[in-house]
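K.L.:
Structure in structure tokens, see below.
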Amino acid sequence: MIKNLHDNPFDETTIAKLEIFEQYAQAWLPTFIMHGDSKICLFDFFAGTGYDKNGVPGSPIRLLQKIEEQSAIIAEKNMKIKVFFNEYDRLKFEQLKSACEDFLEEHKTVKNVIEITIVNEDFAECFPKQIPTIRSYSSLVYLDQNGIRFLASEYLSELEKTIRTDFLYFVSSSYFWRFGNEEEFKAYVDIDLNIARQEPYKFIHRSLIAQLKLKISPSNKLKLYPFSLKKGANIYGIIFGASHPRAIDKFLTIAWKKNETNGEANFDIDDDKKKDQLNLFGDTPLKKIPAFQQRLREKILRGEITNNFQAYNYALEEGHIGSHAADEIKKMKTSKLIDYEGVSPLVTYENVYTKQKMVLYKLIKK
């Protein structure tokens with residue numbers, strides 16, 4: 001029997017997940033509001049009750065709060081935000097509906113700029129009905145499920161087909177480790193558990209994402225990124241999916257602020273604290289950022305990366321933010337390994353995609 005998550009206060013792991021959801025919505029909304037779309041859409045398909053038993057807001061109320069912050073500019077631009085909440089459990093649905101109605105009565109500026117729909121449906125029936133809308137508008141989709149059943153390829157493949165949709169998928173990744181070989185499980189998600197078990201259990205969410213990436217067509221621009229969440233012995237995780245570099249930049253910025261050591265988990269997933277100590281042979285294993293910077297340096301020295309466009313895109317591909325690349329490129333200039341015009345290597349979204357200002361990195365021959 002699935003535990004009712006709202007019988008108890010939100011734990012630290014749930015709060016961490018909700019904060020990432022909320023912070024991404026906060027970054028996502030202004031982008032599309034300023035873009036000038038007549039309508040943008042927010043979907044929360046597993047919305048819950050709105051609050052936990054102590055009154056801490058869940059994802060739907062946090063979304064409404066983020067809309068409130070932007071309500072003046074939304075009204076000024078004469079646009080509408082379509083908000084869609086679904087909750088399958090009837091009692092939770094009634095609580096959710098009441099929570100949203102109370103919020104909107106207290107915050108009429110939000111009520112005036114949204115079109116809100118709250119339904120009580122099975123996700124398997126609800127999701128296909130909303131896909132046409134998701135395809136038609138810039139959309140942010142939350143899939144905060146308790147389990148794995150709704151990670152089935154039929155749902156993920158529909159999201160792959162969209163071009164203006166960002167999604168955050170919360171899954172119980174531990175289930176793959178425990179039940180991944182069972183036929184009932186494979187009917188939903190066919191993941192090679194033998195490959196996953198070549199790495200320690202704590203990497204199960206990372207392995208899940210790696211295998212899901214292989215199922216995406218090479219011609220598809222969709223990118224997937226993991227954020228692992230540990231709760232006791234269990235590993236959960238967020239799957240972030242988006243096609244646009246700006247969306248990826250925003251998510252990675254949030255993830256790296258959440259954990260400045262690895263940008264990928266709410267715990268020390270790569271045992272980086274142990275790397276601060278020299279081992280018996282005097283070797284110091286590299287932490288995640290220095291290891292990435294070393295790979296970047298080698299690519300630049302081999303002539304595989306020659307400008308800021310390539311450096312920025314390589315950083316995103318590796319799950320890093322532009323500043324990680326920029327810091328190393330500056331060091332290379334100071335060390336007289338390369339040279340480029342100006343002070344900054346310009347490894348940012350704005351310089352690469354908005355201003356399209358290219359800087360060449362020229363090797364200095366010794």
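Residues are named by chain letter and number: chains run A, B, ... in the order of the structure tokens, numbers start at 1 in each chain, and ligands are numbered from 1 in the order shown.
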Which residues are near region 220-237 of chain A? Cut-off 7 Å, only C-alpha atoms, ignore same chain within fewer than 3 positions. Put them as a list in words.
P.N.:
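Near region 220-237 of chain A, the qualifying residues are Thr13, Glu160, Phe170, Val171, Ser172, Ser173, Ser174, Lys202, His205, Arg206, Ile209, Lys213, Ile216, Ser217, Phe240, Gly241, Ala242, Ser243, Glu264, Ala265, Asn266 and Phe267 of chain A.
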K.L.:
Those same residues, written as a short mmCIF file (atom, residue, chain, number, x, y, z; two decimals), in the first residue's frame with C-alpha atoms?
P.N.:
data_model
loop_
_atom_site.label_atom_id
_atom_site.label_comp_id
_atom_site.auth_asym_id
_atom_site.auth_seq_id
_atom_site.Cartn_x
_atom_site.Cartn_y
_atom_site.Cartn_z
CA THR A 13 14.23 15.22 1.28
CA GLU A 160 10.30 13.91 -26.03
CA PHE A 170 10.41 12.78 -9.41
CA VAL A 171 10.94 9.02 -9.13
CA SER A 172 11.74 6.43 -6.49
CA SER A 173 14.99 5.29 -8.08
CA SER A 174 15.59 2.65 -5.39
CA LYS A 202 24.06 5.20 -4.41
CA HIS A 205 19.52 7.44 -10.13
CA ARG A 206 22.53 8.49 -12.20
CA ILE A 209 19.25 8.70 -16.38
CA LYS A 213 19.32 8.96 -22.46
CA ILE A 216 16.23 9.14 -26.92
CA SER A 217 16.67 9.53 -30.67
CA PHE A 240 15.07 17.27 -15.40
CA GLY A 241 14.32 17.37 -19.12
CA ALA A 242 14.57 20.25 -21.58
CA SER A 243 15.63 20.99 -25.15
CA GLU A 264 23.88 16.47 -8.56
CA ALA A 265 22.68 15.27 -5.16
CA ASN A 266 21.64 16.35 -1.68
CA PHE A 267 24.49 14.22 -0.29
#
K.L.:
What's around Ile134 (chain A) at 10 Å? Count only C-alpha atoms, leave out sequence neighbours fewer than 2 positions away in its own chain, and write the answer as an NGL selection string.
P.N.:
:A and (40-43 or 127-132 or 136-141 or 158-159 or 162-165)
K.L.:
Those selected residues, please, written with N, CA and C atoms and delivered as a JSON list (two decimals), in the first residue's frame.
P.N.:
[["chain", "number", "residue", "atom", "x", "y", "z"],
["A", 40, "ILE", "N", 1.00, 30.74, -21.40],
["A", 40, "ILE", "CA", 1.95, 29.69, -21.03],
["A", 40, "ILE", "C", 1.27, 28.78, -20.02],
["A", 41, "CYS", "N", 1.79, 27.56, -19.87],
["A", 41, "CYS", "CA", 1.06, 26.54, -19.10],
["A", 41, "CYS", "C", 1.94, 25.89, -18.04],
["A", 42, "LEU", "N", 1.33, 25.64, -16.90],
["A", 42, "LEU", "CA", 1.96, 24.93, -15.80],
["A", 42, "LEU", "C", 1.10, 23.71, -15.46],
["A", 43, "PHE", "N", 1.73, 22.54, -15.42],
["A", 43, "PHE", "CA", 1.01, 21.30, -15.12],
["A", 43, "PHE", "C", 1.64, 20.62, -13.92],
["A", 127, "PHE", "N", -3.18, 12.41, -18.45],
["A", 127, "PHE", "CA", -2.02, 12.90, -19.21],
["A", 127, "PHE", "C", -2.27, 12.95, -20.72],
["A", 128, "PRO", "N", -2.80, 11.89, -21.34],
["A", 128, "PRO", "CA", -3.03, 11.95, -22.80],
["A", 128, "PRO", "C", -3.97, 13.08, -23.21],
["A", 129, "LYS", "N", -4.92, 13.42, -22.36],
["A", 129, "LYS", "CA", -5.86, 14.49, -22.69],
["A", 129, "LYS", "C", -5.19, 15.86, -22.69],
["A", 130, "GLN", "N", -4.12, 15.99, -21.92],
["A", 130, "GLN", "CA", -3.44, 17.29, -21.80],
["A", 130, "GLN", "C", -2.29, 17.46, -22.79],
["A", 131, "ILE", "N", -1.85, 16.37, -23.40],
["A", 131, "ILE", "CA", -0.72, 16.43, -24.32],
["A", 131, "ILE", "C", -0.92, 17.46, -25.45],
["A", 132, "PRO", "N", -2.09, 17.54, -26.08],
["A", 132, "PRO", "CA", -2.26, 18.55, -27.14],
["A", 132, "PRO", "C", -1.98, 19.98, -26.65],
["A", 136, "SER", "N", 1.08, 22.64, -27.63],
["A", 136, "SER", "CA", 0.68, 23.89, -28.29],
["A", 136, "SER", "C", 1.29, 25.13, -27.64],
["A", 137, "TYR", "N", 1.67, 25.03, -26.35],
["A", 137, "TYR", "CA", 2.16, 26.20, -25.63],
["A", 137, "TYR", "C", 3.47, 25.90, -24.92],
["A", 138, "SER", "N", 4.20, 26.95, -24.59],
["A", 138, "SER", "CA", 5.36, 26.79, -23.72],
["A", 138, "SER", "C", 4.87, 26.28, -22.37],
["A", 139, "SER", "N", 5.40, 25.12, -21.94],
["A", 139, "SER", "CA", 4.84, 24.45, -20.77],
["A", 139, "SER", "C", 5.92, 23.99, -19.80],
["A", 140, "LEU", "N", 5.57, 24.05, -18.53],
["A", 140, "LEU", "CA", 6.38, 23.47, -17.46],
["A", 140, "LEU", "C", 5.57, 22.36, -16.82],
["A", 141, "VAL", "N", 6.12, 21.16, -16.80],
["A", 141, "VAL", "CA", 5.37, 19.99, -16.36],
["A", 141, "VAL", "C", 6.05, 19.37, -15.14],
["A", 158, "GLU", "N", 6.14, 10.92, -25.16],
["A", 158, "GLU", "CA", 5.28, 12.07, -25.49],
["A", 158, "GLU", "C", 5.99, 13.38, -25.13],
["A", 159, "LEU", "N", 6.68, 13.40, -24.02],
["A", 159, "LEU", "CA", 7.41, 14.60, -23.64],
["A", 159, "LEU", "C", 8.60, 14.84, -24.57],
["A", 162, "THR", "N", 7.75, 17.04, -27.62],
["A", 162, "THR", "CA", 7.48, 18.47, -27.44],
["A", 162, "THR", "C", 8.76, 19.26, -27.66],
["A", 163, "ILE", "N", 8.62, 20.52, -28.03],
["A", 163, "ILE", "CA", 9.81, 21.35, -28.28],
["A", 163, "ILE", "C", 9.87, 22.58, -27.38],
["A", 164, "ARG", "N", 8.76, 22.85, -26.66],
["A", 164, "ARG", "CA", 8.75, 24.02, -25.77],
["A", 164, "ARG", "C", 8.33, 23.62, -24.37],
["A", 165, "THR", "N", 8.73, 22.41, -23.97],
["A", 165, "THR", "CA", 8.33, 21.88, -22.68],
["A", 165, "THR", "C", 9.54, 21.53, -21.84]]
K.L.:
Between CA of Ile248 (chain A) and CA of Gly342 (chain A), what is the spacing in Å?
P.N.:
26.8 Å
K.L.:
Find the residues around Trp256 (chain A) up to 9 Å (only C-alpha atoms counted), leave out those fewer than 6 positions away in its own chain, and share them as a PDB file with N, CA and C atoms, in the first residue's frame.
P.N.:
ATOM      1  N   ASN A 262      28.966  18.919  -5.888  1.00  0.00           N
ATOM      2  CA  ASN A 262      28.699  18.011  -7.012  1.00  0.00           C
ATOM      3  C   ASN A 262      27.540  18.433  -7.903  1.00  0.00           C
ATOM      4  N   GLY A 263      26.696  19.348  -7.462  1.00  0.00           N
ATOM      5  CA  GLY A 263      25.598  19.826  -8.295  1.00  0.00           C
ATOM      6  C   GLY A 263      24.651  18.744  -8.758  1.00  0.00           C
ATOM      7  N   GLU A 264      24.612  17.627  -8.042  1.00  0.00           N
ATOM      8  CA  GLU A 264      23.882  16.465  -8.559  1.00  0.00           C
ATOM      9  C   GLU A 264      23.158  15.676  -7.485  1.00  0.00           C
ATOM     10  N   HIS A 320      27.732  20.880 -16.090  1.00  0.00           N
ATOM     11  CA  HIS A 320      28.394  21.963 -15.371  1.00  0.00           C
ATOM     12  C   HIS A 320      27.883  23.316 -15.855  1.00  0.00           C
ATOM     13  N   ILE A 321      28.048  24.321 -15.016  1.00  0.00           N
ATOM     14  CA  ILE A 321      27.674  25.678 -15.380  1.00  0.00           C
ATOM     15  C   ILE A 321      28.861  26.360 -16.055  1.00  0.00           C
TER      16      ILE A 321
END
K.L.:
Neighbours of Leu346 (chain A) within 10 Å (only C-alpha atoms; same-chain residues fewer than 2 positions away dropped), as an mmCIF file with N, CA and C atoms, in the first residue's frame?
P.N.:
data_model
loop_
_atom_site.group_PDB
_atom_site.id
_atom_site.type_symbol
_atom_site.label_atom_id
_atom_site.label_comp_id
_atom_site.auth_asym_id
_atom_site.auth_seq_id
_atom_site.Cartn_x
_atom_site.Cartn_y
_atom_site.Cartn_z
ATOM 1 N N ASN A 307 36.759 27.758 -28.959
ATOM 2 C CA ASN A 307 36.046 29.024 -28.729
ATOM 3 C C ASN A 307 35.033 28.876 -27.598
ATOM 4 N N ASN A 308 34.433 30.001 -27.216
ATOM 5 C CA ASN A 308 33.503 30.009 -26.080
ATOM 6 C C ASN A 308 32.198 29.272 -26.383
ATOM 7 N N PHE A 309 31.782 29.227 -27.666
ATOM 8 C CA PHE A 309 30.578 28.478 -28.013
ATOM 9 C C PHE A 309 30.766 26.998 -27.669
ATOM 10 N N ALA A 311 33.051 25.700 -25.656
ATOM 11 C CA ALA A 311 33.317 25.521 -24.225
ATOM 12 C C ALA A 311 32.025 25.533 -23.420
ATOM 13 N N TYR A 312 31.125 26.460 -23.759
ATOM 14 C CA TYR A 312 29.864 26.556 -23.029
ATOM 15 C C TYR A 312 29.004 25.316 -23.250
ATOM 16 N N GLY A 322 28.567 27.424 -16.790
ATOM 17 C CA GLY A 322 29.601 28.080 -17.582
ATOM 18 C C GLY A 322 30.772 28.594 -16.780
ATOM 19 N N SER A 323 30.523 29.048 -15.545
ATOM 20 C CA SER A 323 31.610 29.605 -14.732
ATOM 21 C C SER A 323 32.683 28.568 -14.418
ATOM 22 N N ALA A 325 33.779 26.335 -16.470
ATOM 23 C CA ALA A 325 34.649 26.349 -17.647
ATOM 24 C C ALA A 325 35.440 27.650 -17.715
ATOM 25 N N ALA A 326 34.767 28.760 -17.449
ATOM 26 C CA ALA A 326 35.429 30.063 -17.537
ATOM 27 C C ALA A 326 36.618 30.163 -16.584
ATOM 28 N N ILE A 329 39.567 28.343 -18.104
ATOM 29 C CA ILE A 329 40.080 29.015 -19.299
ATOM 30 C C ILE A 329 40.890 30.251 -18.908
ATOM 31 N N GLY A 342 40.319 40.278 -24.917
ATOM 32 C CA GLY A 342 39.539 40.699 -23.773
ATOM 33 C C GLY A 342 39.945 40.011 -22.485
ATOM 34 N N VAL A 343 39.213 40.341 -21.430
ATOM 35 C CA VAL A 343 39.510 39.797 -20.105
ATOM 36 C C VAL A 343 38.729 38.513 -19.851
ATOM 37 N N SER A 344 37.477 38.473 -20.320
ATOM 38 C CA SER A 344 36.599 37.335 -20.040
ATOM 39 C C SER A 344 36.572 36.352 -21.210
ATOM 40 N N THR A 348 29.094 32.137 -21.191
ATOM 41 C CA THR A 348 27.770 32.322 -20.595
ATOM 42 C C THR A 348 26.704 32.159 -21.666
ATOM 43 N N TYR A 349 25.481 31.890 -21.228
ATOM 44 C CA TYR A 349 24.373 31.768 -22.172
ATOM 45 C C TYR A 349 24.179 33.071 -22.947
ATOM 46 N N GLU A 350 24.227 34.196 -22.229
ATOM 47 C CA GLU A 350 23.981 35.479 -22.870
ATOM 48 C C GLU A 350 24.969 35.753 -23.995
ATOM 49 N N ASN A 351 26.258 35.498 -23.751
ATOM 50 C CA ASN A 351 27.267 35.768 -24.765
ATOM 51 C C ASN A 351 27.196 34.789 -25.936
ATOM 52 N N VAL A 352 26.872 33.535 -25.634
ATOM 53 C CA VAL A 352 26.872 32.516 -26.682
ATOM 54 C C VAL A 352 25.590 32.543 -27.494
ATOM 55 N N LYS A 357 28.363 36.320 -29.365
ATOM 56 C CA LYS A 357 29.684 36.939 -29.417
ATOM 57 C C LYS A 357 30.748 35.858 -29.249
ATOM 58 N N MET A 358 31.449 35.545 -30.307
ATOM 59 C CA MET A 358 32.424 34.461 -30.263
ATOM 60 C C MET A 358 33.817 34.972 -29.896
ATOM 61 N N VAL A 359 34.462 34.220 -29.012
ATOM 62 C CA VAL A 359 35.848 34.482 -28.634
ATOM 63 C C VAL A 359 36.673 33.252 -29.000
#
K.L.:
Which residues, written as a PyMOL selection string, have at least one atom at most 9 Å from region 336-341 of chain A, with only C-alpha atoms counted and residues fewer than 4 positions away on the same chain left out?
P.N.:
chain A and resi 300-301+329+331-332+345+359-366
K.L.:
Of the candidates A:Tyr353, A:Phe10, A:Phe292, A:Tyr51, which shows the shortest atom-to-atom distance to Phe103 (chain A), using only C-alpha atoms?
P.N.:
A:Tyr51
K.L.:
Using only C-alpha atoms, which protein or nucleic acid residues come within 8 Å of region 179-183 of chain A? Drop anything in the same chain fewer than 4 positions from it, and give the result as an MDAnalysis selection string.
P.N.:
chainID A and resid 175 187 190:193
K.L.:
Selection from above, N, CA and C atoms, as a CSV table (one decimal), in the first residue's frame, can you write it?
P.N.:
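Result went into part_36.csv, see below:
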chain,number,residue,atom,x,y,z
A,175,TYR,N,13.6,1.7,-6.4
A,175,TYR,CA,12.8,0.6,-6.9
A,175,TYR,C,13.5,-0.1,-8.1
A,187,ALA,N,7.5,-4.1,-17.6
A,187,ALA,CA,6.4,-3.7,-18.4
A,187,ALA,C,6.3,-2.2,-18.4
A,190,ASP,N,11.9,-0.6,-18.9
A,190,ASP,CA,12.9,-1.7,-19.2
A,190,ASP,C,14.3,-1.2,-19.1
A,191,ILE,N,14.8,-1.3,-17.9
A,191,ILE,CA,16.2,-0.8,-17.6
A,191,ILE,C,17.1,-2.0,-17.4
A,192,ASP,N,18.3,-2.0,-17.9
A,192,ASP,CA,19.2,-3.2,-17.7
A,192,ASP,C,19.8,-3.0,-16.3
A,193,LEU,N,19.3,-3.9,-15.4
A,193,LEU,CA,19.8,-3.8,-14.0
A,193,LEU,C,21.2,-4.3,-13.9
K.L.:
As a list in words, please: every residue in region 174-344 of chain A that DSSP puts in strand (DSSP E or B).
P.N.:
Lys223, Leu224, Tyr225, Pro226, Phe227, Ser228, Leu229, Lys230, Lys231, Asn234, Ile235, Tyr236, Gly237, Ile238, Ile239, Phe240, Gly241, Ala242, Ala265, Asn307, Ile338 and Asp339 of chain A
K.L.:
Next, the residues of the selection above should be written as a PDB file, in the first residue's frame with N, CA and C atoms.
P.N.:
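The resulting file, selection-v8.pdb, is shown below:
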ATOM      1  N   LYS A 223      17.506  16.927 -23.563  1.00  0.00           N
ATOM      2  CA  LYS A 223      18.594  16.557 -22.667  1.00  0.00           C
ATOM      3  C   LYS A 223      18.010  16.205 -21.299  1.00  0.00           C
ATOM      4  N   LEU A 224      18.565  15.180 -20.652  1.00  0.00           N
ATOM      5  CA  LEU A 224      18.120  14.766 -19.327  1.00  0.00           C
ATOM      6  C   LEU A 224      19.257  14.945 -18.320  1.00  0.00           C
ATOM      7  N   TYR A 225      18.891  15.399 -17.119  1.00  0.00           N
ATOM      8  CA  TYR A 225      19.883  15.605 -16.061  1.00  0.00           C
ATOM      9  C   TYR A 225      19.336  15.051 -14.746  1.00  0.00           C
ATOM     10  N   PRO A 226      20.192  14.417 -13.942  1.00  0.00           N
ATOM     11  CA  PRO A 226      19.742  13.855 -12.673  1.00  0.00           C
ATOM     12  C   PRO A 226      20.038  14.759 -11.483  1.00  0.00           C
ATOM     13  N   PHE A 227      19.212  14.646 -10.463  1.00  0.00           N
ATOM     14  CA  PHE A 227      19.552  15.175  -9.137  1.00  0.00           C
ATOM     15  C   PHE A 227      19.090  14.134  -8.143  1.00  0.00           C
ATOM     16  N   SER A 228      20.045  13.465  -7.490  1.00  0.00           N
ATOM     17  CA  SER A 228      19.732  12.373  -6.573  1.00  0.00           C
ATOM     18  C   SER A 228      19.382  12.911  -5.192  1.00  0.00           C
ATOM     19  N   LEU A 229      18.437  12.247  -4.541  1.00  0.00           N
ATOM     20  CA  LEU A 229      17.982  12.630  -3.205  1.00  0.00           C
ATOM     21  C   LEU A 229      18.003  11.401  -2.303  1.00  0.00           C
ATOM     22  N   LYS A 230      18.724  11.498  -1.219  1.00  0.00           N
ATOM     23  CA  LYS A 230      18.853  10.360  -0.302  1.00  0.00           C
ATOM     24  C   LYS A 230      17.979  10.583   0.923  1.00  0.00           C
ATOM     25  N   LYS A 231      17.230   9.537   1.263  1.00  0.00           N
ATOM     26  CA  LYS A 231      16.411   9.560   2.473  1.00  0.00           C
ATOM     27  C   LYS A 231      16.580   8.224   3.167  1.00  0.00           C
ATOM     28  N   ASN A 234      17.092   4.865   1.207  1.00  0.00           N
ATOM     29  CA  ASN A 234      16.484   4.959  -0.116  1.00  0.00           C
ATOM     30  C   ASN A 234      17.068   6.099  -0.947  1.00  0.00           C
ATOM     31  N   ILE A 235      17.138   5.865  -2.255  1.00  0.00           N
ATOM     32  CA  ILE A 235      17.573   6.878  -3.196  1.00  0.00           C
ATOM     33  C   ILE A 235      16.392   7.259  -4.089  1.00  0.00           C
ATOM     34  N   TYR A 236      16.058   8.518  -4.065  1.00  0.00           N
ATOM     35  CA  TYR A 236      15.047   9.072  -4.954  1.00  0.00           C
ATOM     36  C   TYR A 236      15.770   9.982  -5.941  1.00  0.00           C
ATOM     37  N   GLY A 237      15.024  10.602  -6.832  1.00  0.00           N
ATOM     38  CA  GLY A 237      15.709  11.510  -7.731  1.00  0.00           C
ATOM     39  C   GLY A 237      14.785  12.323  -8.591  1.00  0.00           C
ATOM     40  N   ILE A 238      15.301  13.464  -9.027  1.00  0.00           N
ATOM     41  CA  ILE A 238      14.618  14.314  -9.988  1.00  0.00           C
ATOM     42  C   ILE A 238      15.248  14.093 -11.357  1.00  0.00           C
ATOM     43  N   ILE A 239      14.406  13.894 -12.348  1.00  0.00           N
ATOM     44  CA  ILE A 239      14.853  13.887 -13.739  1.00  0.00           C
ATOM     45  C   ILE A 239      14.432  15.218 -14.337  1.00  0.00           C
ATOM     46  N   PHE A 240      15.390  16.019 -14.722  1.00  0.00           N
ATOM     47  CA  PHE A 240      15.069  17.273 -15.403  1.00  0.00           C
ATOM     48  C   PHE A 240      15.232  17.070 -16.901  1.00  0.00           C
ATOM     49  N   GLY A 241      14.253  17.500 -17.670  1.00  0.00           N
ATOM     50  CA  GLY A 241      14.321  17.370 -19.118  1.00  0.00           C
ATOM     51  C   GLY A 241      13.993  18.673 -19.811  1.00  0.00           C
ATOM     52  N   ALA A 242      14.801  19.042 -20.795  1.00  0.00           N
ATOM     53  CA  ALA A 242      14.567  20.253 -21.576  1.00  0.00           C
ATOM     54  C   ALA A 242      15.365  20.182 -22.869  1.00  0.00           C
ATOM     55  N   ALA A 265      23.285  16.066  -6.227  1.00  0.00           N
ATOM     56  CA  ALA A 265      22.679  15.275  -5.159  1.00  0.00           C
ATOM     57  C   ALA A 265      22.589  16.105  -3.886  1.00  0.00           C
ATOM     58  N   ASN A 307      36.759  27.758 -28.959  1.00  0.00           N
ATOM     59  CA  ASN A 307      36.046  29.024 -28.729  1.00  0.00           C
ATOM     60  C   ASN A 307      35.033  28.876 -27.598  1.00  0.00           C
ATOM     61  N   ILE A 338      47.118  29.553 -23.521  1.00  0.00           N
ATOM     62  CA  ILE A 338      46.258  30.060 -24.590  1.00  0.00           C
ATOM     63  C   ILE A 338      46.175  31.577 -24.485  1.00  0.00           C
ATOM     64  N   ASP A 339      45.610  32.178 -25.510  1.00  0.00           N
ATOM     65  CA  ASP A 339      45.346  33.611 -25.478  1.00  0.00           C
ATOM     66  C   ASP A 339      44.007  33.867 -26.152  1.00  0.00           C
TER      67      ASP A 339
END
K.L.:
Write down as a VMD selection string the residues of region 232-322 of chain A whose backbone DSSP state falls under alpha helix (DSSP H).
P.N.:
chain A and resid 245 to 258 288 to 301 308 to 317 322
K.L.:
Quick one: write out the picked residues with C-alpha atoms as a PDB file, in the first residue's frame?
P.N.:
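The result, written out as part.pdb:
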ATOM      1  CA  PRO A 245      20.194  25.544 -23.564  1.00  0.00           C
ATOM      2  CA  ARG A 246      18.738  28.398 -21.525  1.00  0.00           C
ATOM      3  CA  ALA A 247      16.473  25.999 -19.633  1.00  0.00           C
ATOM      4  CA  ILE A 248      19.384  23.642 -19.005  1.00  0.00           C
ATOM      5  CA  ASP A 249      21.515  26.549 -17.785  1.00  0.00           C
ATOM      6  CA  LYS A 250      18.821  27.578 -15.313  1.00  0.00           C
ATOM      7  CA  PHE A 251      18.382  24.090 -13.915  1.00  0.00           C
ATOM      8  CA  LEU A 252      22.125  23.468 -13.553  1.00  0.00           C
ATOM      9  CA  THR A 253      22.540  26.834 -11.823  1.00  0.00           C
ATOM     10  CA  ILE A 254      19.908  25.799  -9.273  1.00  0.00           C
ATOM     11  CA  ALA A 255      21.431  22.329  -8.843  1.00  0.00           C
ATOM     12  CA  TRP A 256      24.943  23.690  -8.258  1.00  0.00           C
ATOM     13  CA  LYS A 257      23.639  26.220  -5.724  1.00  0.00           C
ATOM     14  CA  LYS A 258      21.928  23.333  -3.947  1.00  0.00           C
ATOM     15  CA  LYS A 288      33.940  16.817  -9.698  1.00  0.00           C
ATOM     16  CA  ILE A 289      34.702  20.404 -10.715  1.00  0.00           C
ATOM     17  CA  PRO A 290      38.509  20.007 -10.996  1.00  0.00           C
ATOM     18  CA  ALA A 291      38.022  16.735 -12.905  1.00  0.00           C
ATOM     19  CA  PHE A 292      35.768  18.502 -15.406  1.00  0.00           C
ATOM     20  CA  GLN A 293      38.222  21.373 -15.701  1.00  0.00           C
ATOM     21  CA  GLN A 294      41.051  18.962 -16.402  1.00  0.00           C
ATOM     22  CA  ARG A 295      39.038  17.334 -19.201  1.00  0.00           C
ATOM     23  CA  LEU A 296      38.221  20.771 -20.606  1.00  0.00           C
ATOM     24  CA  ARG A 297      41.877  21.829 -20.490  1.00  0.00           C
ATOM     25  CA  GLU A 298      42.927  18.698 -22.368  1.00  0.00           C
ATOM     26  CA  LYS A 299      40.299  19.294 -25.056  1.00  0.00           C
ATOM     27  CA  ILE A 300      41.475  22.874 -25.535  1.00  0.00           C
ATOM     28  CA  LEU A 301      45.133  21.820 -25.719  1.00  0.00           C
ATOM     29  CA  ASN A 308      33.503  30.009 -26.080  1.00  0.00           C
ATOM     30  CA  PHE A 309      30.578  28.478 -28.013  1.00  0.00           C
ATOM     31  CA  GLN A 310      32.170  25.044 -27.834  1.00  0.00           C
ATOM     32  CA  ALA A 311      33.317  25.521 -24.225  1.00  0.00           C
ATOM     33  CA  TYR A 312      29.864  26.556 -23.029  1.00  0.00           C
ATOM     34  CA  ASN A 313      28.043  23.721 -24.785  1.00  0.00           C
ATOM     35  CA  TYR A 314      30.617  21.224 -23.499  1.00  0.00           C
ATOM     36  CA  ALA A 315      30.021  22.470 -19.948  1.00  0.00           C
ATOM     37  CA  LEU A 316      26.258  21.954 -20.250  1.00  0.00           C
ATOM     38  CA  GLU A 317      26.735  18.518 -21.799  1.00  0.00           C
ATOM     39  CA  GLY A 322      29.601  28.080 -17.582  1.00  0.00           C
TER      40      GLY A 322
END
K.L.:
One decimal, in Å: what's the spacing between CA of Phe167 (chain A) and CA of Lys108 (chain A)?
P.N.:
27.7 Å
K.L.:
Go through A:Asp271, A:Glu87, A:Glu94, A:Asp327 one by one, measure the shortest atom-to-atom distance of each to Phe46 (chain A) using only C-alpha atoms, and give the residue with the smallest value.
P.N.:
A:Glu87
K.L.:
Taking only residues of region 103-169 of chain A that have an atom at most 8 Å from an atom of region 60-79 of chain A, what is each one's shortest atom pair and its distance in Å to one decimal, using only C-alpha atoms, in chain and number order, as JSON lines?
P.N.:
{"residue": "A:Phe103", "atom": "CA", "partner": "A:Ile61", "partner_atom": "CA", "distance": 7.8}
{"residue": "A:His107", "atom": "CA", "partner": "A:Glu68", "partner_atom": "CA", "distance": 7.6}
{"residue": "A:Thr109", "atom": "CA", "partner": "A:Ser71", "partner_atom": "CA", "distance": 6.2}
{"residue": "A:Val110", "atom": "CA", "partner": "A:Glu68", "partner_atom": "CA", "distance": 5.4}
{"residue": "A:Asn112", "atom": "CA", "partner": "A:Ala75", "partner_atom": "CA", "distance": 7.9}
{"residue": "A:Val113", "atom": "CA", "partner": "A:Ala75", "partner_atom": "CA", "distance": 6.2}
